[in-house]
Each structure stands twice: as C-alpha cells, then as structure tokens.
$ cat target-v3.txt   # compact mmCIF, C-alpha atoms and all ligand atoms
# COMPACT_ATOMS: atom_id res chain seq x y z
CA MET A 1436 58.89 53.81 116.40
CA SER A 1437 60.27 51.56 113.66
CA ILE A 1438 59.74 48.08 112.28
CA LEU A 1439 62.91 45.99 112.14
CA LEU A 1440 63.24 43.69 109.13
CA THR A 1441 65.99 41.12 109.58
CA GLY A 1442 67.02 39.95 106.09
CA GLY A 1443 65.09 42.95 104.78
CA ALA A 1444 67.25 43.24 101.64
CA GLY A 1445 66.09 39.83 100.42
CA TYR A 1446 63.36 38.99 97.93
CA ILE A 1447 60.38 38.98 100.30
CA GLY A 1448 61.96 41.37 102.80
CA SER A 1449 62.49 44.11 100.22
CA HIS A 1450 58.93 43.83 98.91
CA THR A 1451 57.65 44.00 102.49
CA ALA A 1452 59.81 47.07 103.16
CA VAL A 1453 58.13 48.80 100.20
CA GLU A 1454 54.63 48.04 101.48
CA LEU A 1455 55.49 49.08 105.06
CA LEU A 1456 56.97 52.39 103.87
CA ASN A 1457 53.94 52.98 101.64
CA ALA A 1458 51.73 52.33 104.69
CA GLY A 1459 53.60 55.04 106.65
CA TYR A 1460 55.83 52.88 108.86
CA SER A 1461 59.51 53.63 109.52
CA VAL A 1462 61.72 50.71 108.49
CA VAL A 1463 65.07 49.50 109.82
CA ILE A 1464 66.84 46.73 107.89
CA ALA A 1465 69.43 44.38 109.35
CA ASP A 1466 71.11 42.34 106.62
CA ASP A 1467 74.60 40.88 106.03
CA PHE A 1468 74.00 40.95 102.25
CA SER A 1469 75.24 37.34 101.99
CA ASN A 1470 72.22 36.54 99.81
CA SER A 1471 71.24 40.01 98.59
CA SER A 1472 72.75 43.30 97.38
CA PRO A 1473 73.01 46.82 98.87
CA GLU A 1474 71.56 47.93 95.51
CA VAL A 1475 68.20 46.62 96.74
CA ILE A 1476 68.07 49.32 99.43
CA LYS A 1477 68.59 52.06 96.84
CA ARG A 1478 65.76 50.65 94.74
CA VAL A 1479 63.38 50.37 97.71
CA GLU A 1480 64.07 54.05 98.46
CA GLU A 1481 63.67 54.93 94.77
CA ILE A 1482 60.28 53.18 94.56
CA THR A 1483 58.90 54.67 97.80
CA LYS A 1484 60.76 58.01 97.81
CA LYS A 1485 61.45 57.32 101.49
CA THR A 1486 64.63 56.43 103.37
CA VAL A 1487 65.50 53.25 105.24
CA SER A 1488 67.96 52.80 108.13
CA VAL A 1489 70.31 49.96 107.22
CA TYR A 1490 72.67 47.94 109.44
CA ARG A 1491 75.09 45.61 107.63
CA VAL A 1492 75.18 42.92 110.32
CA ASP A 1493 75.05 39.19 110.90
CA VAL A 1494 71.79 38.86 112.84
CA ALA A 1495 73.46 36.12 114.93
CA ASP A 1496 76.09 38.67 116.11
CA LYS A 1497 74.85 39.61 119.60
CA ALA A 1498 77.06 42.70 120.03
CA ALA A 1499 76.03 44.09 116.62
CA MET A 1500 72.36 43.44 117.26
CA ARG A 1501 72.50 45.00 120.76
CA ASP A 1502 74.05 48.06 119.14
CA LEU A 1503 71.18 48.24 116.64
CA PHE A 1504 68.50 47.92 119.33
CA SER A 1505 70.23 50.58 121.46
CA HIS A 1506 70.25 53.08 118.56
CA GLU A 1507 66.75 52.43 117.26
CA THR A 1508 63.27 52.42 118.82
CA ILE A 1509 61.86 49.14 117.55
CA GLU A 1510 58.11 48.52 117.84
CA ALA A 1511 58.05 45.11 116.15
CA VAL A 1512 60.32 42.73 114.26
CA ILE A 1513 59.70 40.85 111.02
CA HIS A 1514 62.25 38.04 110.92
CA PHE A 1515 63.24 37.10 107.36
CA ALA A 1516 66.96 36.47 107.89
CA GLY A 1517 67.94 32.87 107.21
CA PHE A 1518 69.37 30.54 104.62
CA LYS A 1519 66.61 29.19 102.37
CA ALA A 1520 67.91 26.83 99.67
CA VAL A 1521 66.38 23.39 100.13
CA GLY A 1522 69.07 21.53 98.16
CA GLU A 1523 71.93 23.38 99.86
CA SER A 1524 70.46 22.57 103.28
CA VAL A 1525 70.68 18.86 102.49
CA LYS A 1526 74.38 19.22 101.61
CA LYS A 1527 75.22 21.60 104.50
CA PRO A 1528 72.83 20.85 107.40
CA MET A 1529 75.09 22.20 110.15
CA MET A 1530 75.41 25.56 108.38
CA TYR A 1531 71.62 25.78 108.19
CA TYR A 1532 70.95 24.78 111.80
CA ARG A 1533 73.69 27.07 113.11
CA ASN A 1534 72.65 30.10 111.07
CA ASN A 1535 68.87 29.86 111.10
CA LEU A 1536 68.61 28.98 114.80
CA ASP A 1537 71.37 31.32 116.06
CA THR A 1538 69.91 34.35 114.27
CA THR A 1539 66.54 33.62 115.85
CA LEU A 1540 67.86 33.04 119.38
CA THR A 1541 70.05 36.16 119.27
CA LEU A 1542 67.10 38.20 118.02
CA LEU A 1543 64.79 36.93 120.77
CA GLU A 1544 67.40 37.70 123.45
CA CYS A 1545 67.76 41.26 122.16
CA MET A 1546 63.99 41.70 121.97
CA LYS A 1547 63.71 40.59 125.61
CA GLU A 1548 66.50 42.92 126.75
CA PHE A 1549 65.09 45.95 124.92
CA GLY A 1550 61.42 45.31 125.68
CA VAL A 1551 60.26 44.49 122.13
CA SER A 1552 57.32 42.13 122.31
CA ARG A 1553 56.09 41.66 118.72
CA ILE A 1554 57.65 39.28 116.19
CA ILE A 1555 56.38 38.11 112.81
CA PHE A 1556 58.25 35.07 111.52
CA SER A 1557 58.88 34.16 107.89
CA SER A 1558 57.80 30.54 108.04
CA SER A 1559 56.91 28.22 105.19
CA ALA A 1560 54.41 25.64 104.01
CA THR A 1561 57.38 23.31 104.06
CA VAL A 1562 56.65 22.78 107.79
CA TYR A 1563 53.69 20.61 106.71
CA GLY A 1564 56.10 18.08 105.21
CA SER A 1565 54.07 15.81 102.98
CA PRO A 1566 50.59 17.21 103.74
CA GLU A 1567 47.90 14.76 104.85
CA ARG A 1568 45.30 16.62 102.73
CA VAL A 1569 44.79 19.65 100.48
CA PRO A 1570 43.79 22.42 100.90
CA ILE A 1571 46.08 22.62 103.95
CA GLU A 1572 44.82 24.17 107.19
CA GLU A 1573 46.95 25.61 110.01
CA THR A 1574 45.72 22.90 112.39
CA ASP A 1575 47.01 20.14 110.10
CA LYS A 1576 49.98 18.06 111.24
CA THR A 1577 53.39 19.68 110.90
CA GLY A 1578 56.84 18.08 110.98
CA GLY A 1579 58.06 15.22 108.83
CA CYS A 1580 60.00 17.87 106.89
CA SER A 1581 61.94 16.52 103.91
CA ASN A 1582 65.05 18.68 104.39
CA PRO A 1583 67.08 20.56 107.03
CA TYR A 1584 65.83 23.94 105.74
CA GLY A 1585 62.25 22.85 106.44
CA TRP A 1586 63.24 21.49 109.85
CA THR A 1587 64.79 24.85 110.80
CA LYS A 1588 61.49 26.56 110.02
CA TRP A 1589 59.64 23.96 112.07
CA MET A 1590 62.09 24.29 114.98
CA ILE A 1591 61.88 28.09 114.97
CA GLU A 1592 58.08 27.84 115.07
CA GLN A 1593 58.51 25.63 118.16
CA ILE A 1594 60.97 28.09 119.76
CA LEU A 1595 58.52 30.96 119.23
CA THR A 1596 55.54 28.92 120.44
CA ASP A 1597 57.32 27.97 123.68
CA THR A 1598 58.66 31.50 124.21
CA ALA A 1599 55.17 32.97 123.83
CA LYS A 1600 53.83 30.42 126.34
CA ALA A 1601 56.46 31.55 128.88
CA ASP A 1602 55.95 35.26 128.30
CA ASP A 1603 52.34 36.41 128.05
CA THR A 1604 53.34 39.86 126.83
CA LEU A 1605 54.75 38.40 123.60
CA SER A 1606 52.96 38.34 120.23
CA CYS A 1607 54.29 35.84 117.67
CA VAL A 1608 52.76 35.46 114.22
CA LEU A 1609 54.07 32.54 112.15
CA LEU A 1610 53.41 33.28 108.48
CA ARG A 1611 53.50 30.07 106.45
CA TYR A 1612 54.27 31.14 102.88
CA PHE A 1613 53.27 28.89 100.02
CA ASN A 1614 55.10 29.59 96.75
CA PRO A 1615 56.05 33.29 96.43
CA ILE A 1616 56.72 34.45 92.86
CA GLY A 1617 56.46 37.67 90.84
CA ALA A 1618 57.98 41.08 91.44
CA HIS A 1619 57.05 44.67 92.19
CA PRO A 1620 55.26 46.07 89.08
CA SER A 1621 57.99 48.72 88.73
CA GLY A 1622 60.40 45.96 87.70
CA ARG A 1623 63.03 47.50 90.00
CA ILE A 1624 63.09 44.76 92.65
CA GLY A 1625 62.61 41.02 92.25
CA GLU A 1626 63.99 37.56 92.89
CA MET A 1627 67.72 37.01 92.26
CA PRO A 1628 68.64 33.43 93.18
CA ASN A 1629 72.35 32.62 93.59
CA GLY A 1630 73.52 30.32 90.77
CA ILE A 1631 71.15 28.03 88.86
CA PRO A 1632 67.61 28.55 90.22
CA ASN A 1633 66.01 25.65 92.07
CA ASN A 1634 62.54 27.17 91.95
CA LEU A 1635 60.23 27.04 88.95
CA MET A 1636 59.53 30.69 88.16
CA PRO A 1637 63.09 32.05 88.28
CA TYR A 1638 64.14 29.07 86.14
CA ILE A 1639 61.42 29.93 83.60
CA THR A 1640 62.40 33.62 83.49
CA GLN A 1641 66.08 32.71 82.97
CA VAL A 1642 65.08 30.45 80.06
CA ALA A 1643 63.00 33.32 78.66
CA VAL A 1644 65.89 35.79 78.94
CA GLY A 1645 68.32 33.31 77.36
CA ARG A 1646 70.49 32.56 80.40
CA LEU A 1647 69.26 28.94 80.44
CA LYS A 1648 68.41 26.75 77.45
CA MET A 1649 65.43 24.65 78.47
CA LEU A 1650 63.12 23.95 81.40
CA ASN A 1651 63.08 20.44 82.86
CA VAL A 1652 59.57 19.59 84.01
CA PHE A 1653 60.19 17.30 86.96
CA GLY A 1654 57.73 14.50 86.32
CA ASN A 1655 54.34 14.28 84.64
CA ASP A 1656 53.10 11.13 86.34
CA TYR A 1657 51.79 12.66 89.58
CA ASP A 1658 48.18 12.16 90.63
CA THR A 1659 47.22 15.67 89.41
CA PRO A 1660 45.02 16.92 86.53
CA ASP A 1661 47.88 17.03 84.00
CA GLY A 1662 50.39 14.84 85.88
CA THR A 1663 52.73 17.70 86.82
CA GLY A 1664 53.22 19.12 90.33
CA VAL A 1665 50.56 21.47 91.69
CA ARG A 1666 51.48 24.42 93.96
CA ASP A 1667 49.87 27.51 95.48
CA TYR A 1668 51.73 30.38 93.81
CA ILE A 1669 51.27 33.74 95.50
CA HIS A 1670 52.36 37.14 94.15
CA VAL A 1671 55.16 38.55 96.31
CA VAL A 1672 53.35 41.91 96.54
CA ASP A 1673 50.25 40.15 97.94
CA LEU A 1674 52.56 38.34 100.35
CA ALA A 1675 54.17 41.64 101.40
CA LYS A 1676 50.75 43.18 102.04
CA GLY A 1677 49.96 40.13 104.15
CA HIS A 1678 52.88 41.11 106.39
CA VAL A 1679 51.49 44.62 106.85
CA ALA A 1680 48.14 43.11 107.83
CA ALA A 1681 49.92 40.68 110.20
CA LEU A 1682 51.82 43.58 111.79
CA LYS A 1683 48.60 45.47 112.50
CA TYR A 1684 47.20 42.29 114.05
CA ALA A 1685 50.34 41.65 116.12
CA LEU A 1686 50.34 45.15 117.60
CA ASP A 1687 47.04 44.33 119.32
CA HIS A 1688 47.54 40.63 120.15
CA THR A 1689 49.43 38.32 122.50
CA GLY A 1690 50.15 34.64 122.06
CA CYS A 1691 51.35 32.66 119.04
CA GLU A 1692 49.36 32.18 115.81
CA ALA A 1693 50.27 30.24 112.67
CA ILE A 1694 48.69 31.68 109.52
CA ASN A 1695 48.84 30.39 105.93
CA LEU A 1696 49.66 32.98 103.27
CA GLY A 1697 48.51 31.49 100.00
CA THR A 1698 45.82 32.03 97.38
CA GLY A 1699 44.02 28.71 97.94
CA ILE A 1700 44.37 27.99 94.20
CA GLY A 1701 46.68 25.25 92.93
CA TYR A 1702 48.35 25.51 89.53
CA SER A 1703 50.44 22.84 87.82
CA VAL A 1704 53.87 23.28 86.27
CA LEU A 1705 52.34 23.14 82.80
CA ASP A 1706 49.66 25.67 83.81
CA MET A 1707 52.51 28.00 84.75
CA VAL A 1708 54.53 27.41 81.58
CA HIS A 1709 51.53 27.92 79.30
CA SER A 1710 50.39 31.05 81.19
CA PHE A 1711 53.87 32.53 81.06
CA MET A 1712 54.16 31.97 77.30
CA ARG A 1713 50.66 33.34 76.63
CA VAL A 1714 50.97 36.45 78.81
CA ASN A 1715 54.50 37.40 77.77
CA LYS A 1716 54.46 36.12 74.18
CA VAL A 1717 57.76 34.30 74.72
CA ASP A 1718 58.64 30.67 74.07
CA ILE A 1719 59.70 28.44 76.96
CA PRO A 1720 61.19 25.23 75.55
CA PHE A 1721 60.72 22.38 78.01
CA VAL A 1722 61.24 18.65 78.33
CA ILE A 1723 59.57 16.17 80.66
CA ALA A 1724 62.31 14.95 83.03
CA PRO A 1725 62.27 12.45 85.91
CA ARG A 1726 60.66 13.48 89.20
CA ARG A 1727 62.82 15.55 91.60
CA GLY A 1728 63.58 13.76 94.88
CA GLY A 1729 61.53 15.09 97.81
CA ASP A 1730 58.82 16.67 95.65
CA ILE A 1731 55.18 16.14 96.53
CA ALA A 1732 52.26 16.01 94.09
CA GLN A 1733 50.08 18.79 95.48
CA CYS A 1734 50.45 21.62 98.01
CA TYR A 1735 47.99 24.50 98.34
CA ALA A 1736 46.50 26.47 101.20
CA ASN A 1737 43.17 26.97 102.83
CA PRO A 1738 43.59 30.78 103.18
CA ALA A 1739 40.45 31.35 105.29
CA LYS A 1740 42.23 32.05 108.60
CA ALA A 1741 44.28 34.93 107.11
CA GLU A 1742 41.09 36.53 105.83
CA ARG A 1743 39.29 35.98 109.15
CA LEU A 1744 42.12 37.12 111.45
CA LEU A 1745 44.00 39.63 109.30
CA GLY A 1746 41.32 40.84 106.92
CA TRP A 1747 43.76 39.97 104.12
CA LYS A 1748 43.50 37.85 101.00
CA ALA A 1749 45.56 37.58 97.85
CA GLU A 1750 44.27 39.73 94.98
CA LYS A 1751 46.70 39.11 92.09
CA ASN A 1752 46.21 36.25 89.64
CA LEU A 1753 48.57 33.95 87.75
CA ASP A 1754 48.73 36.31 84.75
CA ASP A 1755 49.88 39.15 87.05
CA MET A 1756 52.53 36.86 88.54
CA CYS A 1757 53.80 35.83 85.09
CA ARG A 1758 53.78 39.41 83.77
CA ASP A 1759 55.59 40.90 86.76
CA SER A 1760 58.16 38.10 86.96
CA TRP A 1761 59.07 38.66 83.31
CA ASN A 1762 59.07 42.47 83.64
CA TRP A 1763 61.66 42.16 86.44
CA GLN A 1764 63.84 39.62 84.63
CA LYS A 1765 63.85 41.25 81.18
CA ASN A 1766 64.78 44.62 82.71
CA ASN A 1767 67.40 43.04 84.99
CA PRO A 1768 68.82 40.04 83.06
CA ASN A 1769 71.65 39.76 85.61
CA GLY A 1770 69.57 40.71 88.64
CA TYR A 1771 71.12 43.49 90.71
CA GLU A 1772 74.50 43.07 89.02
CA ASP A 1773 73.34 45.07 86.00
C1 LIG B 1801 57.48 24.04 92.16
C2 LIG B 1801 57.04 22.96 91.17
C3 LIG B 1801 58.63 21.18 90.94
C4 LIG B 1801 61.79 23.64 89.10
C5 LIG B 1801 60.15 25.31 97.34
C6 LIG B 1801 60.61 25.04 98.74
C7 LIG B 1801 59.68 25.70 99.71
C8 LIG B 1801 59.49 27.17 99.38
C9 LIG B 1801 59.08 27.36 97.95
C10 LIG B 1801 60.87 28.48 100.84
C11 LIG B 1801 57.33 21.55 91.64
C12 LIG B 1801 58.49 21.96 89.62
C13 LIG B 1801 60.60 23.22 89.69
C14 LIG B 1801 62.14 23.15 87.81
C15 LIG B 1801 60.09 21.89 87.76
N1 LIG B 1801 60.67 27.89 99.64
N2 LIG B 1801 59.76 22.38 89.02
N3 LIG B 1801 61.26 22.29 87.19
O1 LIG B 1801 59.53 22.80 95.65
O2 LIG B 1801 57.13 23.70 95.74
O3 LIG B 1801 58.88 24.74 97.15
O4 LIG B 1801 60.07 26.69 97.13
O5 LIG B 1801 60.12 28.46 101.78
O6 LIG B 1801 60.24 25.57 100.99
O7 LIG B 1801 60.54 23.64 98.96
O8 LIG B 1801 58.93 25.08 94.69
O9 LIG B 1801 59.50 26.21 92.60
O10 LIG B 1801 61.07 24.41 93.47
O11 LIG B 1801 58.84 23.77 92.52
O12 LIG B 1801 59.32 21.10 87.18
O13 LIG B 1801 63.22 23.48 87.24
O14 LIG B 1801 57.78 23.14 89.97
O15 LIG B 1801 58.72 19.78 90.69
O16 LIG B 1801 56.28 20.71 91.19
P1 LIG B 1801 58.59 23.96 95.78
P2 LIG B 1801 59.67 24.90 93.29

$ encode --input "target-v3.txt" --output "structure tokens" --more "lines below"
Ligand code: WQD
Amino acid sequence: MSILLTGGAGYIGSHTAVELLNAGYSVVIADDFSNSSPEVIKRVEEITKKTVSVYRVDVADKAAMRDLFSHETIEAVIHFAGFKAVGESVKKPMMYYRNNLDTTLTLLECMKEFGVSRIIFSSSATVYGSPERVPIEETDKTGGCSNPYGWTKWMIEQILTDTAKADDTLSCVLLRYFNPIGAHPSGRIGEMPNGIPNNLMPYITQVAVGRLKMLNVFGNDYDTPDGTGVRDYIHVVDLAKGHVAALKYALDHTGCEAINLGTGIGYSVLDMVHSFMRVNKVDIPFVIAPRRGGDIAQCYANPAKAERLLGWKAEKNLDDMCRDSWNWQKNNPNGYED
C-alpha cells in the first residue's frame, strides 16, 4: 500500500515525502513539475536512501490519473498539487480556479472509482480571510478571502466537506498551514520560488545570498508590538511531520476535520530579520516601505486541536527556521538549477 502525494515534488510535498519514507511508508508522487524540478526526487531519495514512484502528470488529466491508480495500490492521498502565488492569482483568477478545482475534482473521481477513502488536503490559514481574533481557532469564521488563491482553498474545503457528508466511508483532513519556512537540515531540499519571492523568508535568504539588494519591510504602522506584521511561522519539517500524524489519524477516522498547523507563536517581520542576522551572522539591509495591499496585521494559530487530535505539535523554534533556511539557500544559491 502506498501514499499518493499530488504535487509531491513541491516545497511542502517533498519534505512530507521525506518524513513519510522515514516513517516506513511507500510513496507515490504525481507532479507535472510546472512549479518544481525532477531534481527534487533525486534529493528526496538521496536523503532517505529509499526510492519513490514518480508519475509526471497533470493531476487534472483524468486518463493519466486513472492510469496511475490502476498501476498503484493507494491507501491514502495527500493533495498538495495546486497553484499557490497570491499575487499571480489576482492577475490570473481563471487559471487558478480551473487548475486548483479541476485537479481536486479529478482526484476525487479517481479515488471514488478505485475505492480510496482517505484524503489529506493542503489548505491554508488564508481561508480565515481577515481573522476576527487571534489566536485563530478552527471554528472561527472562514471566507472573506482576499484573493482567488485563498478562495480556491476555501472552495476545495467546501467540496471535501460536502463529499464527506455524502459518503460516510470518506475521511477528509483539512490541514490549514500558517506560514511554512525553513528547510530540511541536510540543506538538500528547500523552497525555490519562481521569480522574485513574494514571501518574507525566501526574500530574506535571497538578500543574504546576494541575489537581491535589500528587503522592503511592508509597513511599520500596524497595531503590533513593533508596528510590523505578525505571523505564525512554522518549520517545514514540523509541518511535514504534522502530515504523518494526520495520515495516521485519517486511517482510523471518517468525516471531515479542519486542523490548524501552526506553532501558536506570532513573530513580527523585524523579529524575523533580527533573528536571521543574529543566527547566521549575515547582514540583511532593509528599508521600511508602504504597506502591501491585502496584508493583515496579525495572524497566528491556536494549535491545541492538532495536539489533541493528532498528538502533534511543532518543536522547532525561530532560530532553527532561520538557520535551516540559510543553510539551504547558501548551498543552493540558484535553487535546484545549481
Ligand atoms: C509575511 C509578512 C508581510 C515580504 C502568504 C500567503 C498565505 C500563505 C503564506 C500559502 C507580512 C511581510 C513579506 C516582503 C515584508 N501561502 N513581508 N516584505 O502574506 O502572511 O502569507 O504566505 O498558503 O496564503 O498569503 O506571508 O511571507 O508574504 O508575508 O515585509 O518582501 O512579511 O507584509 O507581514 P503571508 P508573507
């Protein structure tokens, strides 16, 4: 029996593949490599000394996905595949709705046809929109998303919720990630954004490695301790281990559960910059710039449900995240193109 990872060659997918293989699971990856590299698979196998079955497919391609399900014995699916750039989703909404919804619907149809009844979905704290309070709990209001990317996550959660209601053999776990950063301590896999990074940590590491000149801190007049945005940063290895815990839970569960994956600790942009400089002994020149449209002041999780239901909680701290992010970037200044 194998675990299918759609989008498994991506940043979070590849780290989850490592933890699943280390935990003794067999892993099948379906990825079109539109936002990742086949090199990632080699590195996952190098780190774990295990092999992965890989299908270079568009997850929305029904014939290709039926072929995969007919050649593999899939016990559960972890669904990472999807476009994920907030800014791009605003410019190209149709591409995001078509891709992120079609991949999901095709996957669910194949699961139904081949009798696979466990799915873990890569959701996001972005489904909370502008949260009504912090720390955020799973029962808090969702919707009011500020971009099409966030709406696709919210819609897919709704699709899975309704599908689980109609089929009482199904187990759906909706993992709402907060802000994943960091890299595997080996420095062999990590985040490789296309083009100029939108997210804070990859921008910082590209300044540190000399690919970018200076960090723009988007606003210091928020209602936060130092005026800069506060987020719940979680080490990608902790996040990956959260998926292994969610899989174990899903194998013995039916229904649909939303679960926050965060640390419950909020750090500001300046906290991050100062930690990164201290831990890695590198300078990060920055300037205070105007606020970025769509940003919110604070977003961090109440992580209690994950601990209660999954027996999981994040263990790595901000220093670990800064150290591992830099270790990846300085050893791979051009990502997987090196
Ligand atoms: C973090 C903080 C910025 C860049 C996004 C997506 C979310 C999820 C995680 C997928 C904010 C500030 C950033 C920069 C800055 N992705 N910042 N200068 O916006 O919290 O969440 O990524 O699920 O869906 O919305 O993350 O890293 O972009 O920003 O000052 O160059 O860093 O204002 O306060 P965000 P981020």

$ closest_residue --input "target-v3.txt" --among "A:Ile1482, A:Leu1635, A:Ala1495, A:Ile1616" --to "ligand LIG 1801 (chain B)" --atoms "only C-alpha atoms and all ligand atoms"
A:Leu1635

$ residues_near_ligand --input "target-v3.txt" --ligand "ligand LIG 1801 (chain B)" --cutoff "9 Å" --atoms "all atoms listed in the file" --output "mmCIF file with C-alpha atoms, keeping the file's coordinate frame"
data_model
loop_
_atom_site.group_PDB
_atom_site.id
_atom_site.type_symbol
_atom_site.label_atom_id
_atom_site.label_comp_id
_atom_site.auth_asym_id
_atom_site.auth_seq_id
_atom_site.Cartn_x
_atom_site.Cartn_y
_atom_site.Cartn_z
ATOM 1 C CA LYS A 1519 66.610 29.190 102.370
ATOM 2 C CA ALA A 1520 67.910 26.830 99.670
ATOM 3 C CA VAL A 1521 66.380 23.390 100.130
ATOM 4 C CA GLY A 1522 69.070 21.530 98.160
ATOM 5 C CA SER A 1557 58.880 34.160 107.890
ATOM 6 C CA SER A 1558 57.800 30.540 108.040
ATOM 7 C CA SER A 1559 56.910 28.220 105.190
ATOM 8 C CA ALA A 1560 54.410 25.640 104.010
ATOM 9 C CA THR A 1561 57.380 23.310 104.060
ATOM 10 C CA VAL A 1562 56.650 22.780 107.790
ATOM 11 C CA SER A 1581 61.940 16.520 103.910
ATOM 12 C CA ASN A 1582 65.050 18.680 104.390
ATOM 13 C CA TYR A 1584 65.830 23.940 105.740
ATOM 14 C CA GLY A 1585 62.250 22.850 106.440
ATOM 15 C CA LYS A 1588 61.490 26.560 110.020
ATOM 16 C CA ARG A 1611 53.500 30.070 106.450
ATOM 17 C CA TYR A 1612 54.270 31.140 102.880
ATOM 18 C CA PHE A 1613 53.270 28.890 100.020
ATOM 19 C CA ASN A 1614 55.100 29.590 96.750
ATOM 20 C CA PRO A 1615 56.050 33.290 96.430
ATOM 21 C CA ILE A 1616 56.720 34.450 92.860
ATOM 22 C CA PRO A 1632 67.610 28.550 90.220
ATOM 23 C CA ASN A 1633 66.010 25.650 92.070
ATOM 24 C CA ASN A 1634 62.540 27.170 91.950
ATOM 25 C CA LEU A 1635 60.230 27.040 88.950
ATOM 26 C CA MET A 1636 59.530 30.690 88.160
ATOM 27 C CA PRO A 1637 63.090 32.050 88.280
ATOM 28 C CA TYR A 1638 64.140 29.070 86.140
ATOM 29 C CA ILE A 1639 61.420 29.930 83.600
ATOM 30 C CA LEU A 1650 63.120 23.950 81.400
ATOM 31 C CA ASN A 1651 63.080 20.440 82.860
ATOM 32 C CA VAL A 1652 59.570 19.590 84.010
ATOM 33 C CA PHE A 1653 60.190 17.300 86.960
ATOM 34 C CA GLY A 1654 57.730 14.500 86.320
ATOM 35 C CA ASN A 1655 54.340 14.280 84.640
ATOM 36 C CA THR A 1663 52.730 17.700 86.820
ATOM 37 C CA GLY A 1664 53.220 19.120 90.330
ATOM 38 C CA VAL A 1665 50.560 21.470 91.690
ATOM 39 C CA ARG A 1666 51.480 24.420 93.960
ATOM 40 C CA ASP A 1667 49.870 27.510 95.480
ATOM 41 C CA TYR A 1668 51.730 30.380 93.810
ATOM 42 C CA SER A 1703 50.440 22.840 87.820
ATOM 43 C CA VAL A 1704 53.870 23.280 86.270
ATOM 44 C CA LEU A 1705 52.340 23.140 82.800
ATOM 45 C CA MET A 1707 52.510 28.000 84.750
ATOM 46 C CA ILE A 1723 59.570 16.170 80.660
ATOM 47 C CA ALA A 1724 62.310 14.950 83.030
ATOM 48 C CA ARG A 1726 60.660 13.480 89.200
ATOM 49 C CA ARG A 1727 62.820 15.550 91.600
ATOM 50 C CA GLY A 1728 63.580 13.760 94.880
ATOM 51 C CA GLY A 1729 61.530 15.090 97.810
ATOM 52 C CA ASP A 1730 58.820 16.670 95.650
ATOM 53 C CA ILE A 1731 55.180 16.140 96.530
ATOM 54 C CA ALA A 1732 52.260 16.010 94.090
ATOM 55 C CA GLN A 1733 50.080 18.790 95.480
ATOM 56 C CA CYS A 1734 50.450 21.620 98.010
#

$ residues_near_point --input "target-v3.txt" --point "(62.9, 41.2, 126.2)" --cutoff "12 Å" --atoms "all atoms listed in the file" --output "number ranges by chain"
A: 1501, 1504, 1509, 1511, 1540-1554, 1598-1599, 1601-1606

$ residues_around --input "target-v3.txt" --residues "segment 1743-1754 of chain A" --least-positions-apart "4" --cutoff "7 Å" --atoms "all atoms listed in the file" --output "VMD selection string"
chain A and resid 1670 1673 1677 1680 to 1681 1684 1698 1710 1714 1739 1758

$ write_last_selection --input "target-v3.txt" --atoms "C-alpha atoms" --output "PDB file, keeping the file's coordinate frame"
ATOM      1  CA  HIS A1670      52.360  37.140  94.150  1.00  0.00           C
ATOM      2  CA  ASP A1673      50.250  40.150  97.940  1.00  0.00           C
ATOM      3  CA  GLY A1677      49.960  40.130 104.150  1.00  0.00           C
ATOM      4  CA  ALA A1680      48.140  43.110 107.830  1.00  0.00           C
ATOM      5  CA  ALA A1681      49.920  40.680 110.200  1.00  0.00           C
ATOM      6  CA  TYR A1684      47.200  42.290 114.050  1.00  0.00           C
ATOM      7  CA  THR A1698      45.820  32.030  97.380  1.00  0.00           C
ATOM      8  CA  SER A1710      50.390  31.050  81.190  1.00  0.00           C
ATOM      9  CA  VAL A1714      50.970  36.450  78.810  1.00  0.00           C
ATOM     10  CA  ALA A1739      40.450  31.350 105.290  1.00  0.00           C
ATOM     11  CA  ARG A1758      53.780  39.410  83.770  1.00  0.00           C
TER      12      ARG A1758
END

$ closest_atom_pairs --input "target-v3.txt" --of "segment 1587-1681 of chain A" --to "segment 1763-1772 of chain A" --cutoff "7 Å" --atoms "only C-alpha atoms" --output "tab-separated table"
residue	atom	partner	partner_atom	distance
A:Ala1618	CA	A:Trp1763	CA	6.3
A:Gly1622	CA	A:Trp1763	CA	4.2
A:Arg1623	CA	A:Trp1763	CA	6.6
A:Ile1624	CA	A:Trp1763	CA	6.9
A:Gly1625	CA	A:Trp1763	CA	6.0
A:Met1627	CA	A:Gly1770	CA	5.5
A:Thr1640	CA	A:Gln1764	CA	6.3
A:Val1644	CA	A:Lys1765	CA	6.2

$ write_last_selection --input "target-v3.txt" --atoms "C-alpha atoms" --output "compact mmCIF listing (two decimals), in the coordinates of the input"
# COMPACT_ATOMS: atom_id res chain seq x y z
CA ALA A 1618 57.98 41.08 91.44
CA GLY A 1622 60.40 45.96 87.70
CA ARG A 1623 63.03 47.50 90.00
CA ILE A 1624 63.09 44.76 92.65
CA GLY A 1625 62.61 41.02 92.25
CA MET A 1627 67.72 37.01 92.26
CA THR A 1640 62.40 33.62 83.49
CA VAL A 1644 65.89 35.79 78.94

$ atom_distance --input "target-v3.txt" --atom1 "atom CA of His1506 of chain A" --atom2 "atom CA of Ser1488 of chain A"
10.7 Å

$ residues_around --input "target-v3.txt" --residues "Phe1468 of chain A" --least-positions-apart "4" --cutoff "8 Å" --atoms "only C-alpha atoms" --output "NGL selection string"
:A and (1444 or 1472-1473 or 1491)

$ atom_distance --input "target-v3.txt" --atom1 "atom CA of Asp1658 of chain A" --atom2 "atom CA of Pro1566 of chain A"
14.3 Å

$ closest_residue --input "target-v3.txt" --among "A:Glu1481, A:Asp1502, A:Leu1440, A:Ala1693" --to "Thr1577 of chain A" --atoms "all atoms listed in the file"
A:Ala1693

$ closest_residue --input "target-v3.txt" --among "A:Val1672, A:Ile1571, A:Ile1591, A:Ile1555" --to "Glu1454 of chain A" --atoms "all atoms listed in the file"
A:Val1672

$ closest_residue --input "target-v3.txt" --among "A:Met1530, A:Val1479, A:Leu1674, A:Ala1465" --to "Met1500 of chain A" --atoms "only C-alpha atoms"
A:Ala1465

$ atom_distance --input "target-v3.txt" --atom1 "atom CA of Pro1583 of chain A" --atom2 "atom CA of Pro1528 of chain A"
5.8 Å

$ closest_residue --input "target-v3.txt" --among "A:Met1436, A:Ala1499, A:Val1487, A:Ile1447" --to "His1619 of chain A" --atoms "all atoms listed in the file"
A:Ile1447

$ closest_residue --input "target-v3.txt" --among "A:Lys1716, A:His1450, A:Lys1497, A:His1688" --to "Ala1643 of chain A" --atoms "only C-alpha atoms"
A:Lys1716

$ axis_aligned_box --input "target-v3.txt" --around "segment 1548-1565 of chain A" --padding-each-side "4 Å" --output "AutoDock Vina command-line options"
--center_x 60.1 --center_y 30.9 --center_z 114.9 --size_x 20.8 --size_y 38.1 --size_z 31.8
